[in-house]
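Engineer: Okay, handing you the structure first.
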Amino acid sequence: MPLAVRTLIDELDHIPEFQLYGRVAGVLGMLVEVAGLDQALSIGGRCEIVTRGGTRVTCEVIGFRQGRALLLPFGRLEGVALGCKAELVRTDPVIWPTDGWLGRVVNALGEPIDGKGPLPNGDMACHLRRSPPPAHSRQRVGGKIDLGVRALNTFTTCCRGQRMGIFAGSGVGKSVVLSMLARYTTSDVNVIGLIGERGREVQEWLEDDLGPEGLARSLVVVATSDESPLMRRQAADLTLAASEYFRDQGKDVLCLIDSVTRFAMAMREIGLAAGEPPTSKGYTPSVFAQLPQLLERAGPGVDGGSITGLFTVLVEGDDHNEPIADAVRGILDGQIVLERAIAERNRYPAVNILRSISRTMPQCNNEAENALVDRARTLLSTYENMAELIRIGAYKSGADPAIDDAILYYPQLEAFLKQSKGERSDLASCYAALAEILGMPAPG
């Protein structure tokens, strides 16, 4: 029997013989209390509330209080009143992806929002909240992945199946870096989640930054900042679920999420609505439990394929030690730090090489490549340590040969790190250019 027929039969078998429903017993802010379904609902379960105007609002159960289910809506609550019917939804949240989803833009519900018509349905349902593969069953990270950006290819070399964080304040160039990665990477497929993005900027980013070339092999999931916290959270879940689908096809997937911080903010809103106590900066304990459950889904597969995850973290007030940045840094396999001071002197991408690190890099590079990177880092570190004295003319040339070398090479290294968003640099040319600057043998 064909797989599609078996899946259809399985769905038909799960259609209930009768419909359970309760009634809206209270509304406070975005929180809806439903009575009469407490024995049938569970955390994560869903209801559809029929409003006074006859429209339906899908809601999810986030908790229980005094025999009533506490729900948050995926949409707006206009028209919801006391006594409105709340019908139990028995189906699990799933998507039906296929290769035909590439080149498309969808919302958190998996519905197309690009005006290109309906999405084709695949043969296999993918649950939105799968558990990460067992640690002992996963393969090891693969070889290098070419990201197309000089600063990242050389100083934070990334392997297939690795997970990296891009830490930056607002307006420092995260979105442009993501677009460069999506266009220039050598991965088979890109799955991009824009979580809590400004609605005005989505179309501009798709057309101007990502472009037709990047979109053609990408699936873009969008949940703008005005949407409900459930939609923003589910957009992140859908991004990982789609990535897992393509990984299970044996493909190397680049999963980009912008940003994990806005996902955490959505989880904070959900937790506070459920009555959780706020902790550091108002974040609830469930936020820090959900972060690893989301981020651990990226990585190498069990039977081939991989998800290379690059997740942006919007650091509040440029404080790289704020709670979300600190938690994410401990989960991921490295960090790329974009710094405002570097952006202000017009060097883009504004990567602070000395604060960025890839934990898998030493093992995936050969000795010649590691020697090149170590030499460049030493020169940059020496210069930065003496930068103030050099700029005010307090350092006397010849006093220290190491500082003299740093002063000599610094302008060339800064020029090497600067790259326009329309320029691509592959791995081999990156190391060759760095070797030429430093006067060292190019890696074989």
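Chain labels follow the order of the structure tokens: the first chain is A, the next B, and so on; residue numbering restarts at 1 in every chain, and ligands are counted from 1 in their shown order.
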Which residues come within 10 Å of A:Ser131, counting only C-alpha atoms, excluding same-chain residues fewer than 5 positions away, as a ChimeraX atom specification?
Structural biologist: /A:293-294,296-297
Engineer: Based on the selection just made, write N, CA and C atoms of those residues as a CSV table (one decimal), in the first residue's frame.
Structural biologist:
```csv
chain,number,residue,atom,x,y,z
A,293,GLN,N,16.0,22.4,24.6
A,293,GLN,CA,15.2,21.6,23.8
A,293,GLN,C,15.0,22.0,22.4
A,294,LEU,N,15.1,23.3,22.1
A,294,LEU,CA,15.0,23.8,20.8
A,294,LEU,C,16.4,23.7,20.1
A,296,GLU,N,19.1,21.9,20.8
A,296,GLU,CA,19.7,20.6,20.6
A,296,GLU,C,19.2,19.8,19.4
A,297,ARG,N,18.1,20.3,18.9
A,297,ARG,CA,17.5,19.6,17.7
A,297,ARG,C,18.4,19.7,16.5
```
Engineer: Using DSSP on the backbone coordinates, identify the residues of stretch 9-96 of chain A assigned to strand (DSSP E); present them as a PyMOL selection string.
Structural biologist: chain A and resi 21-28+31-35+46-50+56-65+68-73+85-89+94-95
Engineer: Among stretch 185-393 of chain A, which residues does DSSP mark as alpha helix (DSSP H) when it is run on the backbone? Keep the chain and numbering as in the structure and answer as a ChimeraX atom specification.
Structural biologist: /A:199-204,211-216,229-248,260-273,285-295,323-331,340-344,361-364,367-385,387-391
Engineer: Find the spatial neighbours of stretch 345-358 of chain A, counting only C-alpha atoms, within a cut-off of 7 Å - ignore same-chain residues fewer than 5 positions away - and output them as a list of chain:residue names.
Structural biologist: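 That gives A:Phe155, A:Thr156, A:Thr157, A:Cys158, A:Gly173, A:Val177, A:Asp333, A:Gly334, A:Gln335, A:Ile336, A:Val337, A:Leu338, A:Glu339, A:Arg377, A:Ser381, A:Lys418, A:Gln419.
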Engineer: Write a file of the selected residues as a short mmCIF file (atom, residue, chain, number, x, y, z; two decimals), in the first residue's frame, keeping N, CA, C and O atoms.
Structural biologist:
```cif
data_model
loop_
_atom_site.label_atom_id
_atom_site.label_comp_id
_atom_site.auth_asym_id
_atom_site.auth_seq_id
_atom_site.Cartn_x
_atom_site.Cartn_y
_atom_site.Cartn_z
N PHE A 155 38.54 32.45 10.84
CA PHE A 155 38.73 32.59 12.29
C PHE A 155 37.71 31.83 13.13
O PHE A 155 37.94 31.59 14.31
N THR A 156 36.57 31.49 12.55
CA THR A 156 35.58 30.66 13.27
C THR A 156 35.07 29.58 12.33
O THR A 156 33.87 29.46 12.09
N THR A 157 35.99 28.80 11.80
CA THR A 157 35.63 27.76 10.83
C THR A 157 34.57 26.84 11.42
O THR A 157 34.68 26.38 12.55
N CYS A 158 33.53 26.59 10.62
CA CYS A 158 32.37 25.84 11.09
C CYS A 158 32.32 24.47 10.39
O CYS A 158 32.62 24.37 9.20
N GLY A 173 24.29 44.56 12.24
CA GLY A 173 24.50 43.85 10.98
C GLY A 173 24.22 42.37 11.01
O GLY A 173 24.69 41.64 10.13
N VAL A 177 24.59 39.63 7.70
CA VAL A 177 25.44 38.44 7.81
C VAL A 177 24.63 37.19 7.50
O VAL A 177 25.09 36.30 6.76
N ASP A 333 28.09 25.42 20.27
CA ASP A 333 29.45 24.95 20.04
C ASP A 333 30.40 26.07 19.63
O ASP A 333 31.42 25.82 18.99
N GLY A 334 30.06 27.28 19.96
CA GLY A 334 30.92 28.40 19.61
C GLY A 334 30.12 29.67 19.49
O GLY A 334 28.88 29.66 19.55
N GLN A 335 30.82 30.78 19.31
CA GLN A 335 30.16 32.07 19.26
C GLN A 335 30.84 33.00 18.26
O GLN A 335 32.06 32.96 18.10
N ILE A 336 30.02 33.78 17.58
CA ILE A 336 30.48 34.83 16.68
C ILE A 336 29.96 36.13 17.26
O ILE A 336 28.74 36.32 17.38
N VAL A 337 30.84 37.02 17.63
CA VAL A 337 30.46 38.26 18.31
C VAL A 337 30.57 39.42 17.33
O VAL A 337 31.64 39.68 16.77
N LEU A 338 29.44 40.10 17.10
CA LEU A 338 29.44 41.33 16.31
C LEU A 338 29.45 42.50 17.28
O LEU A 338 28.65 42.55 18.20
N GLU A 339 30.36 43.45 17.06
CA GLU A 339 30.56 44.51 18.03
C GLU A 339 30.23 45.87 17.43
O GLU A 339 30.63 46.18 16.30
N ARG A 377 45.69 35.96 14.97
CA ARG A 377 45.06 36.30 16.25
C ARG A 377 46.07 36.97 17.19
O ARG A 377 45.73 37.92 17.90
N SER A 381 45.57 40.64 18.69
CA SER A 381 45.53 40.80 20.13
C SER A 381 46.59 41.77 20.62
O SER A 381 46.32 42.63 21.48
N LYS A 418 37.19 42.95 6.14
CA LYS A 418 36.09 43.73 5.58
C LYS A 418 35.58 43.06 4.31
O LYS A 418 36.35 42.65 3.45
N GLN A 419 34.27 42.94 4.18
CA GLN A 419 33.67 42.25 3.04
C GLN A 419 32.29 42.81 2.77
O GLN A 419 31.45 42.90 3.68
#
```
Engineer: I'd like to know which of A:Val24, A:Ala216, A:Val172, A:Ala376 is closest to A:Ile342, using only C-alpha atoms.
Structural biologist: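 Answer, going by the shortest atom-to-atom distance: A:Val172.
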Engineer: Please list as a VMD selection string every residue within 9 Å of A:Gly309, counting only C-alpha atoms and excluding residues in the same chain fewer than 6 positions away.
Structural biologist: chain A and resid 161 to 165 253 to 257 295 298 to 299
Engineer: For each of A:Thr186, A:Asn321, A:Gln234, A:Thr312, take the minimum atom-to-atom distance to A:Pro93, counting only C-alpha atoms, then give the residue where this is smallest.
Structural biologist: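 Of the candidates, the smallest distance to A:Pro93 is held by A:Gln234.
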Engineer: Please provide the set of residues having any atom within 6 Å of stretch 30-43 of chain A, restricted to only C-alpha atoms, with same-chain residues fewer than 2 positions apart removed, written as a PyMOL selection string.
Structural biologist: chain A and resi 22-28+45+61-62+68-72
Engineer: Now that the selection is made, can you save its residues with C-alpha atoms as a PDB file, in the first residue's frame?
Structural biologist:
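Everything below was put into part-v4.pdb:
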```pdb
ATOM      1  CA  GLY A  22     -16.424  23.563  26.872  1.00  0.00           C
ATOM      2  CA  ARG A  23     -17.243  27.219  27.479  1.00  0.00           C
ATOM      3  CA  VAL A  24     -15.193  30.358  27.967  1.00  0.00           C
ATOM      4  CA  ALA A  25     -15.359  31.180  31.685  1.00  0.00           C
ATOM      5  CA  GLY A  26     -12.971  34.125  31.842  1.00  0.00           C
ATOM      6  CA  VAL A  27     -10.653  36.368  29.811  1.00  0.00           C
ATOM      7  CA  LEU A  28      -7.792  38.368  31.294  1.00  0.00           C
ATOM      8  CA  GLY A  45      -3.517  20.565  23.749  1.00  0.00           C
ATOM      9  CA  VAL A  61      -3.343  25.011  26.713  1.00  0.00           C
ATOM     10  CA  ILE A  62      -0.512  26.427  28.832  1.00  0.00           C
ATOM     11  CA  ARG A  68     -10.186  25.451  34.465  1.00  0.00           C
ATOM     12  CA  ALA A  69      -7.840  25.219  31.475  1.00  0.00           C
ATOM     13  CA  LEU A  70      -5.684  28.278  30.765  1.00  0.00           C
ATOM     14  CA  LEU A  71      -5.272  28.980  27.056  1.00  0.00           C
ATOM     15  CA  LEU A  72      -3.368  31.464  24.916  1.00  0.00           C
TER      16      LEU A  72
END
```
Engineer: Work out how far apart atom CA of A:Leu194 and atom CA of A:Thr308 are and give it in Å to one decimal.
Structural biologist: 16.7 Å
Engineer: Per residue of stretch 331-385 of chain A within 12 Å of stretch 136-141 of chain A, note the shortest atom pair and the distance in Å to one decimal, counting only C-alpha atoms, and order the rows by chain and increasing residue number, as a tab-separated table.
Structural biologist:
```
residue	atom	partner	partner_atom	distance
A:Asp333	CA	A:Val141	CA	10.9
A:Arg359	CA	A:Val141	CA	11.4
A:Thr360	CA	A:Val141	CA	8.5
A:Met361	CA	A:Val141	CA	11.0
A:Gln363	CA	A:Val141	CA	10.6
A:Cys364	CA	A:Val141	CA	9.6
```
Engineer: Just to confirm, what's the straight-line distance from atom CA of A:Gly63 to atom CA of A:Ile270 in Å (one decimal)?
Structural biologist: 9.9 Å
Engineer: For atom CA of A:Ser420 and atom CA of A:Ser306, determine how far apart the two atoms are, in Å to one decimal place.
Structural biologist: 28.7 Å
Engineer: Given the choices A:Leu147, A:Lys251, A:Ala274, A:Glu244, which gets closest to A:Glu60 if the distance is worked out from only C-alpha atoms?
Structural biologist: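 Residue with the minimum atom-to-atom distance to A:Glu60: A:Ala274.
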